[in-house]
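A.B. asks: The structure that follows is given in the form of C-alpha cells.
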Amino acid sequence: MTRGPTVDRLVIAVDGPGGVGKTTACRAVAETLGWSHLDTGSFYRAATVVAMLQRLDLANEAEVMRAVAAVELDYRAGRMLVEGIDMSGAIRSEAVTSQVSGVSALAGVRTLLVARQRSWVESRGGRAVVEGRDIGTAVFPSAPLKVYLTAHPAVRAVRRAGEASAGLEAVREGLARRDHQDSTRLVSPLARATDAIEIDTSHISVADVVNKVLDMCTERGLGTA
Ligand code: DC
C-alpha cells in the first residue's frame, strides 16, 4: 500500500457505529478548520453498488475485488462519484444498506478501499477529518486525534429513521444487525482505538460534539498548520 510517511500527521480520525452523528459532526469540524472531510462508509457503499449493478455474487471476494479495482471512485464535497457519476442517492438505498456490511467484511475489498482512502487524504496534504469504523485502528493508526462516537441504540434508531423511508423498528433491527456484523468481522472490525477519546452523543447537541472536537484540536495544535 502506498502512502507517504507523514500522511497521518494531521488526520482527525472519527469512528463509531451508524447513527451516532459522525457525518454531521465531521463536516462541521472540517468546515471550521478549512480542511477536507472524508466519509469512508461511502466507499464501501459505492463498492456495493458497483457489485450489485453487475449482479455479482456479493460473497465472491475475487469477483467483487475485480469490479471494485476497475472503477474510479472519488468523494467530493460530500458526494460519492463512481466513474465521475454522482451515486450519492444510490449508495443510500435500502438494498445497498442491507448488503454493505457483507461487502465491507471482504478483506480484499478493504485492502483496495483503504489504499484509496489513504491516497485521497494524502492528496489533501493530510488535512482531513476522516470518519468510518477502522480509521483510528487501521487506516490512520498514528492520527494525532482519535475520537470514538457512541449513542444509545434507541437514539441512533430515531436519528437514522429520520433519514430512511423504513419504519423505526426496521431501522433499529437493521442497525443492530450491521453493528453485529461490523464489530465481529475478522478484518478491521468496528472498535474503539485504545487512544481514542469517547464522546456519547445521546443527549448532547451536534454543536456540543463539534465544540468538544474543536477544543481537542486546539489542545493538540491541529488546524493551525
Ligand atoms: O457509515 P456507513 O453506514 O455509511 O457505513 C456503511 C458500511 O460500511 C457499514 O456497514 C460499515 C462499513 N464501513 C467499514 O467497514 N469501514 C469503514 N471505515 C466505514 C464503513
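In the C-alpha cells, the first chain shown is A, the next is B, and so on; residue numbers restart at 1 for each chain, and ligands run from 1 in the order shown.
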Produce as a VMD selection string the set of residues near ligand 1, where near means within 6 Å with only C-alpha atoms and all ligand atoms considered.
C.D. replies: chain A and resid 18 40 to 42 44 to 45 100 to 101 104 132 to 135 178 182
A.B. asks: Kindly save the residues from that selection, with C-alpha atoms included, as an mmCIF file, in the first residue's frame.
C.D. replies:
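selection.cif written:
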```cif
data_model
loop_
_atom_site.group_PDB
_atom_site.id
_atom_site.type_symbol
_atom_site.label_atom_id
_atom_site.label_comp_id
_atom_site.auth_asym_id
_atom_site.auth_seq_id
_atom_site.Cartn_x
_atom_site.Cartn_y
_atom_site.Cartn_z
ATOM 1 C CA GLY A 18 -24.129 4.180 12.382
ATOM 2 C CA THR A 40 -15.178 6.253 4.199
ATOM 3 C CA GLY A 41 -18.501 4.418 4.547
ATOM 4 C CA SER A 42 -19.409 5.936 1.161
ATOM 5 C CA TYR A 44 -17.917 0.662 0.940
ATOM 6 C CA ARG A 45 -21.399 1.657 -0.179
ATOM 7 C CA VAL A 100 -22.890 -3.191 2.599
ATOM 8 C CA SER A 101 -21.772 -4.849 5.850
ATOM 9 C CA SER A 104 -17.133 -4.395 3.775
ATOM 10 C CA GLY A 132 -15.521 5.378 9.495
ATOM 11 C CA ARG A 133 -15.216 2.237 11.594
ATOM 12 C CA ASP A 134 -11.479 1.497 11.468
ATOM 13 C CA ILE A 135 -9.877 4.894 10.893
ATOM 14 C CA ARG A 178 -24.967 -4.137 10.998
ATOM 15 C CA ASP A 182 -19.257 -4.743 11.619
#
```
A.B. asks: Please provide the set of residues having any atom within 12 Å of A:Asp195, restricted to only C-alpha atoms, with same-chain residues fewer than 6 positions apart removed, written as a list in words.
C.D. replies: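 After dropping sequence-adjacent residues, the list is Ala13, Val14, Gly136, Thr137, Pro141, Ser142, Ala143, Pro144, Leu145, Lys146, Val147 and Tyr148 of chain A.
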A.B. asks: Residues as selected, all heavy atoms, written as a PDB file, in the first residue's frame, can you do that?
C.D. replies:
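Written output follows (result.pdb):
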```
ATOM      1  N   ALA A  13      -9.241  11.359  13.183  1.00  0.00           N
ATOM      2  CA  ALA A  13      -9.919  10.081  12.924  1.00  0.00           C
ATOM      3  C   ALA A  13     -11.169   9.990  13.792  1.00  0.00           C
ATOM      4  O   ALA A  13     -11.083  10.117  15.015  1.00  0.00           O
ATOM      5  CB  ALA A  13      -8.970   8.930  13.248  1.00  0.00           C
ATOM      6  N   VAL A  14     -12.314   9.773  13.150  1.00  0.00           N
ATOM      7  CA  VAL A  14     -13.568   9.689  13.909  1.00  0.00           C
ATOM      8  C   VAL A  14     -14.255   8.372  13.570  1.00  0.00           C
ATOM      9  O   VAL A  14     -14.623   8.127  12.417  1.00  0.00           O
ATOM     10  CB  VAL A  14     -14.495  10.886  13.584  1.00  0.00           C
ATOM     11  CG1 VAL A  14     -15.795  10.783  14.377  1.00  0.00           C
ATOM     12  CG2 VAL A  14     -13.789  12.207  13.882  1.00  0.00           C
ATOM     13  N   GLY A 136      -9.137   5.020  13.201  1.00  0.00           N
ATOM     14  CA  GLY A 136      -8.119   5.138  14.258  1.00  0.00           C
ATOM     15  C   GLY A 136      -7.366   3.846  14.515  1.00  0.00           C
ATOM     16  O   GLY A 136      -6.239   3.858  15.010  1.00  0.00           O
ATOM     17  N   THR A 137      -7.973   2.713  14.173  1.00  0.00           N
ATOM     18  CA  THR A 137      -7.324   1.422  14.456  1.00  0.00           C
ATOM     19  C   THR A 137      -6.485   0.912  13.289  1.00  0.00           C
ATOM     20  O   THR A 137      -5.455   0.283  13.492  1.00  0.00           O
ATOM     21  CB  THR A 137      -8.374   0.336  14.783  1.00  0.00           C
ATOM     22  OG1 THR A 137      -9.339   0.331  13.723  1.00  0.00           O
ATOM     23  CG2 THR A 137      -9.067   0.589  16.107  1.00  0.00           C
ATOM     24  N   PRO A 141      -3.546   4.753  11.958  1.00  0.00           N
ATOM     25  CA  PRO A 141      -3.312   4.419  13.368  1.00  0.00           C
ATOM     26  C   PRO A 141      -2.446   5.433  14.113  1.00  0.00           C
ATOM     27  O   PRO A 141      -2.430   5.448  15.333  1.00  0.00           O
ATOM     28  CB  PRO A 141      -2.627   3.041  13.301  1.00  0.00           C
ATOM     29  CG  PRO A 141      -2.105   2.937  11.909  1.00  0.00           C
ATOM     30  CD  PRO A 141      -2.991   3.763  11.039  1.00  0.00           C
ATOM     31  N   SER A 142      -1.738   6.311  13.372  1.00  0.00           N
ATOM     32  CA  SER A 142      -0.908   7.319  14.049  1.00  0.00           C
ATOM     33  C   SER A 142      -1.566   8.692  14.067  1.00  0.00           C
ATOM     34  O   SER A 142      -0.893   9.695  14.317  1.00  0.00           O
ATOM     35  CB  SER A 142       0.457   7.433  13.360  1.00  0.00           C
ATOM     36  OG  SER A 142       1.055   6.177  13.251  1.00  0.00           O
ATOM     37  N   ALA A 143      -2.860   8.738  13.777  1.00  0.00           N
ATOM     38  CA  ALA A 143      -3.548  10.039  13.777  1.00  0.00           C
ATOM     39  C   ALA A 143      -3.357  10.722  15.134  1.00  0.00           C
ATOM     40  O   ALA A 143      -3.451  10.071  16.174  1.00  0.00           O
ATOM     41  CB  ALA A 143      -5.037   9.819  13.493  1.00  0.00           C
ATOM     42  N   PRO A 144      -3.113  12.029  15.120  1.00  0.00           N
ATOM     43  CA  PRO A 144      -2.857  12.738  16.386  1.00  0.00           C
ATOM     44  C   PRO A 144      -4.114  12.966  17.218  1.00  0.00           C
ATOM     45  O   PRO A 144      -4.030  13.278  18.388  1.00  0.00           O
ATOM     46  CB  PRO A 144      -2.268  14.069  15.929  1.00  0.00           C
ATOM     47  CG  PRO A 144      -2.792  14.261  14.545  1.00  0.00           C
ATOM     48  CD  PRO A 144      -2.947  12.894  13.948  1.00  0.00           C
ATOM     49  N   LEU A 145      -5.282  12.814  16.589  1.00  0.00           N
ATOM     50  CA  LEU A 145      -6.530  12.918  17.356  1.00  0.00           C
ATOM     51  C   LEU A 145      -7.490  11.836  16.870  1.00  0.00           C
ATOM     52  O   LEU A 145      -7.801  11.757  15.684  1.00  0.00           O
ATOM     53  CB  LEU A 145      -7.177  14.308  17.176  1.00  0.00           C
ATOM     54  CG  LEU A 145      -8.564  14.463  17.837  1.00  0.00           C
ATOM     55  CD1 LEU A 145      -8.516  14.179  19.337  1.00  0.00           C
ATOM     56  CD2 LEU A 145      -9.128  15.863  17.589  1.00  0.00           C
ATOM     57  N   LYS A 146      -7.910  11.009  17.816  1.00  0.00           N
ATOM     58  CA  LYS A 146      -8.879   9.946  17.503  1.00  0.00           C
ATOM     59  C   LYS A 146     -10.091  10.136  18.408  1.00  0.00           C
ATOM     60  O   LYS A 146      -9.943  10.263  19.621  1.00  0.00           O
ATOM     61  CB  LYS A 146      -8.277   8.570  17.770  1.00  0.00           C
ATOM     62  CG  LYS A 146      -7.055   8.271  16.922  1.00  0.00           C
ATOM     63  CD  LYS A 146      -6.506   6.905  17.247  1.00  0.00           C
ATOM     64  CE  LYS A 146      -5.178   6.680  16.527  1.00  0.00           C
ATOM     65  NZ  LYS A 146      -4.589   5.377  16.893  1.00  0.00           N
ATOM     66  N   VAL A 147     -11.253  10.120  17.776  1.00  0.00           N
ATOM     67  CA  VAL A 147     -12.491  10.297  18.527  1.00  0.00           C
ATOM     68  C   VAL A 147     -13.372   9.093  18.234  1.00  0.00           C
ATOM     69  O   VAL A 147     -13.423   8.610  17.089  1.00  0.00           O
ATOM     70  CB  VAL A 147     -13.199  11.605  18.080  1.00  0.00           C
ATOM     71  CG1 VAL A 147     -14.526  11.770  18.798  1.00  0.00           C
ATOM     72  CG2 VAL A 147     -12.302  12.815  18.324  1.00  0.00           C
ATOM     73  N   TYR A 148     -14.030   8.589  19.270  1.00  0.00           N
ATOM     74  CA  TYR A 148     -14.963   7.473  19.072  1.00  0.00           C
ATOM     75  C   TYR A 148     -16.331   7.933  19.561  1.00  0.00           C
ATOM     76  O   TYR A 148     -16.511   8.243  20.742  1.00  0.00           O
ATOM     77  CB  TYR A 148     -14.490   6.236  19.848  1.00  0.00           C
ATOM     78  CG  TYR A 148     -15.256   4.996  19.476  1.00  0.00           C
ATOM     79  CD1 TYR A 148     -14.934   4.262  18.339  1.00  0.00           C
ATOM     80  CD2 TYR A 148     -16.324   4.560  20.258  1.00  0.00           C
ATOM     81  CE1 TYR A 148     -15.652   3.133  17.979  1.00  0.00           C
ATOM     82  CE2 TYR A 148     -17.052   3.426  19.897  1.00  0.00           C
ATOM     83  CZ  TYR A 148     -16.700   2.721  18.764  1.00  0.00           C
ATOM     84  OH  TYR A 148     -17.412   1.606  18.402  1.00  0.00           O
TER      85      TYR A 148
END
```
A.B. asks: What's the 10 Å shell around stretch 83-86 of chain A, counting only C-alpha atoms, without same-chain residues fewer than 6 positions away, as a list of chain:residue names?
C.D. replies: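 So, after excluding close chain neighbours, the residues are A:Ala70, A:Val71, A:Glu72, A:Leu73, A:Asp74, A:Tyr75, A:Arg76.
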A.B. asks: Of the candidates A:Leu38, A:Arg55, A:Gly21, A:Ala30, which shows the shortest atom-to-atom distance to A:Ser202, using only C-alpha atoms?
C.D. replies: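 For A:Ser202, the nearest of the candidates is A:Gly21.
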A.B. asks: Out of A:Gly126, A:Pro17, A:Gly162, A:Gly223, which residue has the shortest atom-to-atom distance to A:Leu175 when counting only C-alpha atoms?
C.D. replies: A:Pro17
A.B. asks: Taking 2 positions as the minimum chain separation for residues in the same chain, which residues sit within 12 Å of A:Asn211 when counting only C-alpha atoms? Answer as a ChimeraX atom specification.
C.D. replies: /A:25-26,28-30,32-33,199,204-209,213-218
A.B. asks: Name the residues of stretch 18-204 of chain A that come out as strand (DSSP E) in a backbone DSSP run; write them as a PyMOL selection string.
C.D. replies: chain A and resi 36-39+73-76+79-82+85-86+128-132+145-150+197-200
A.B. asks: Enter the distance from atom CA of A:Val49 to atom CA of A:Gly174, in Å, rounded to one decimal.
C.D. replies: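 Interatomic distance, atom CA of A:Val49 to atom CA of A:Gly174: 18.2 Å.
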A.B. asks: Taking only C-alpha atoms into account, which of A:Trp35, A:Arg220, A:His152, A:Thr24 comes nearest A:Arg127?
C.D. replies: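 Of the candidates, the smallest distance to A:Arg127 is held by A:Trp35.
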A.B. asks: Could you give me, as a Markdown table, a per-residue list for stretch 156-219 of chain A showing, wherever an atom lies at most 10 Å from an atom of stretch 107-115 of chain A, the closest pair of atoms and their distance in Å to one decimal, using only C-alpha atoms and sorting by chain then residue number from low to high?
C.D. replies:
```
| residue | atom | partner | partner_atom | distance |
| --- | --- | --- | --- | --- |
| A:Arg185 | CA | A:Ala107 | CA | 9.6 |
| A:Leu186 | CA | A:Ala107 | CA | 8.3 |
| A:Val187 | CA | A:Ala107 | CA | 6.1 |
| A:Ser188 | CA | A:Arg110 | CA | 8.7 |
```
A.B. asks: Rounded to one decimal in Å, what is the spacing between atom CA of A:Ala59 and atom CA of A:Leu149?
C.D. replies: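 Answer for the atom CA of A:Ala59 to atom CA of A:Leu149 separation: 29.7 Å.
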A.B. asks: Which is closer to A:His180 than all the others in A:Leu222, A:Val210, A:Arg124, A:Ala105, using only C-alpha atoms?
C.D. replies: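 Result for the nearest residue to A:His180: A:Ala105.
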A.B. asks: Using atom CA of A:Glu63 and atom CA of A:Phe43 as the two end points, give the distance in Å to one decimal.
C.D. replies: 17.0 Å
A.B. asks: Please provide as a list in words all residues within 9 Å of A:Pro153, with the sequence filter that same-chain residues fewer than 2 positions apart are discarded (counting only C-alpha atoms).
C.D. replies: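 In the requested format, the answer is Gly19, Val20, Thr150, Ala151, Val155, Arg156, Ala157, Val158, Arg172, Leu175, Ala176 and Ser202 of chain A.
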A.B. asks: Let's have the selection written as a compact mmCIF listing (two decimals), in the first residue's frame, with N, CA, C and O atoms.
C.D. replies:
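Once written, out_36.txt looks like this:
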```txt
# COMPACT_ATOMS: atom_id res chain seq x y z
N GLY A 19 -25.47 6.12 12.91
CA GLY A 19 -26.49 6.86 13.65
C GLY A 19 -25.98 7.60 14.88
O GLY A 19 -26.77 8.11 15.67
N VAL A 20 -24.65 7.72 15.03
CA VAL A 20 -24.13 8.46 16.20
C VAL A 20 -23.87 9.92 15.87
O VAL A 20 -23.52 10.70 16.74
N THR A 150 -20.32 7.42 20.32
CA THR A 150 -21.29 6.39 20.65
C THR A 150 -22.64 7.08 20.89
O THR A 150 -22.69 8.30 21.03
N ALA A 151 -23.69 6.30 20.94
CA ALA A 151 -25.01 6.82 21.36
C ALA A 151 -25.87 5.61 21.69
O ALA A 151 -25.62 4.50 21.20
N VAL A 155 -31.60 5.99 20.47
CA VAL A 155 -31.36 7.34 19.92
C VAL A 155 -30.85 7.22 18.48
O VAL A 155 -31.29 7.94 17.58
N ARG A 156 -29.97 6.28 18.26
CA ARG A 156 -29.41 6.07 16.92
C ARG A 156 -30.52 5.68 15.95
O ARG A 156 -30.54 6.14 14.80
N ALA A 157 -31.42 4.80 16.40
CA ALA A 157 -32.51 4.34 15.52
C ALA A 157 -33.41 5.51 15.13
O ALA A 157 -33.79 5.65 13.97
N VAL A 158 -33.71 6.37 16.09
CA VAL A 158 -34.57 7.53 15.80
C VAL A 158 -33.87 8.43 14.79
O VAL A 158 -34.49 8.90 13.81
N ARG A 172 -34.14 0.06 13.54
CA ARG A 172 -33.47 -0.41 14.76
C ARG A 172 -32.87 -1.81 14.53
O ARG A 172 -31.72 -2.07 14.88
N LEU A 175 -29.84 -1.59 12.15
CA LEU A 175 -28.64 -1.06 12.82
C LEU A 175 -28.01 -2.14 13.70
O LEU A 175 -26.79 -2.31 13.71
N ALA A 176 -28.85 -2.86 14.44
CA ALA A 176 -28.33 -3.89 15.35
C ALA A 176 -27.62 -4.99 14.55
O ALA A 176 -26.55 -5.47 14.94
N SER A 202 -25.63 10.78 22.84
CA SER A 202 -27.07 10.53 23.06
C SER A 202 -27.83 11.78 23.48
O SER A 202 -28.93 12.03 23.01
```
A.B. asks: If you run DSSP on the backbone here, which positions in stretch 96-205 of chain A get helix (DSSP H, G or I)? Please write them as a ChimeraX atom specification.
C.D. replies: /A:96-104,107-122,135-139,153-163,168-184
A.B. asks: Pick from A:Arg92, A:His203, A:Arg9, A:His37: nearest to A:Gly78, with only C-alpha atoms counted?
C.D. replies: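 Looking at the shortest contact to A:Gly78, the residue is A:His37.
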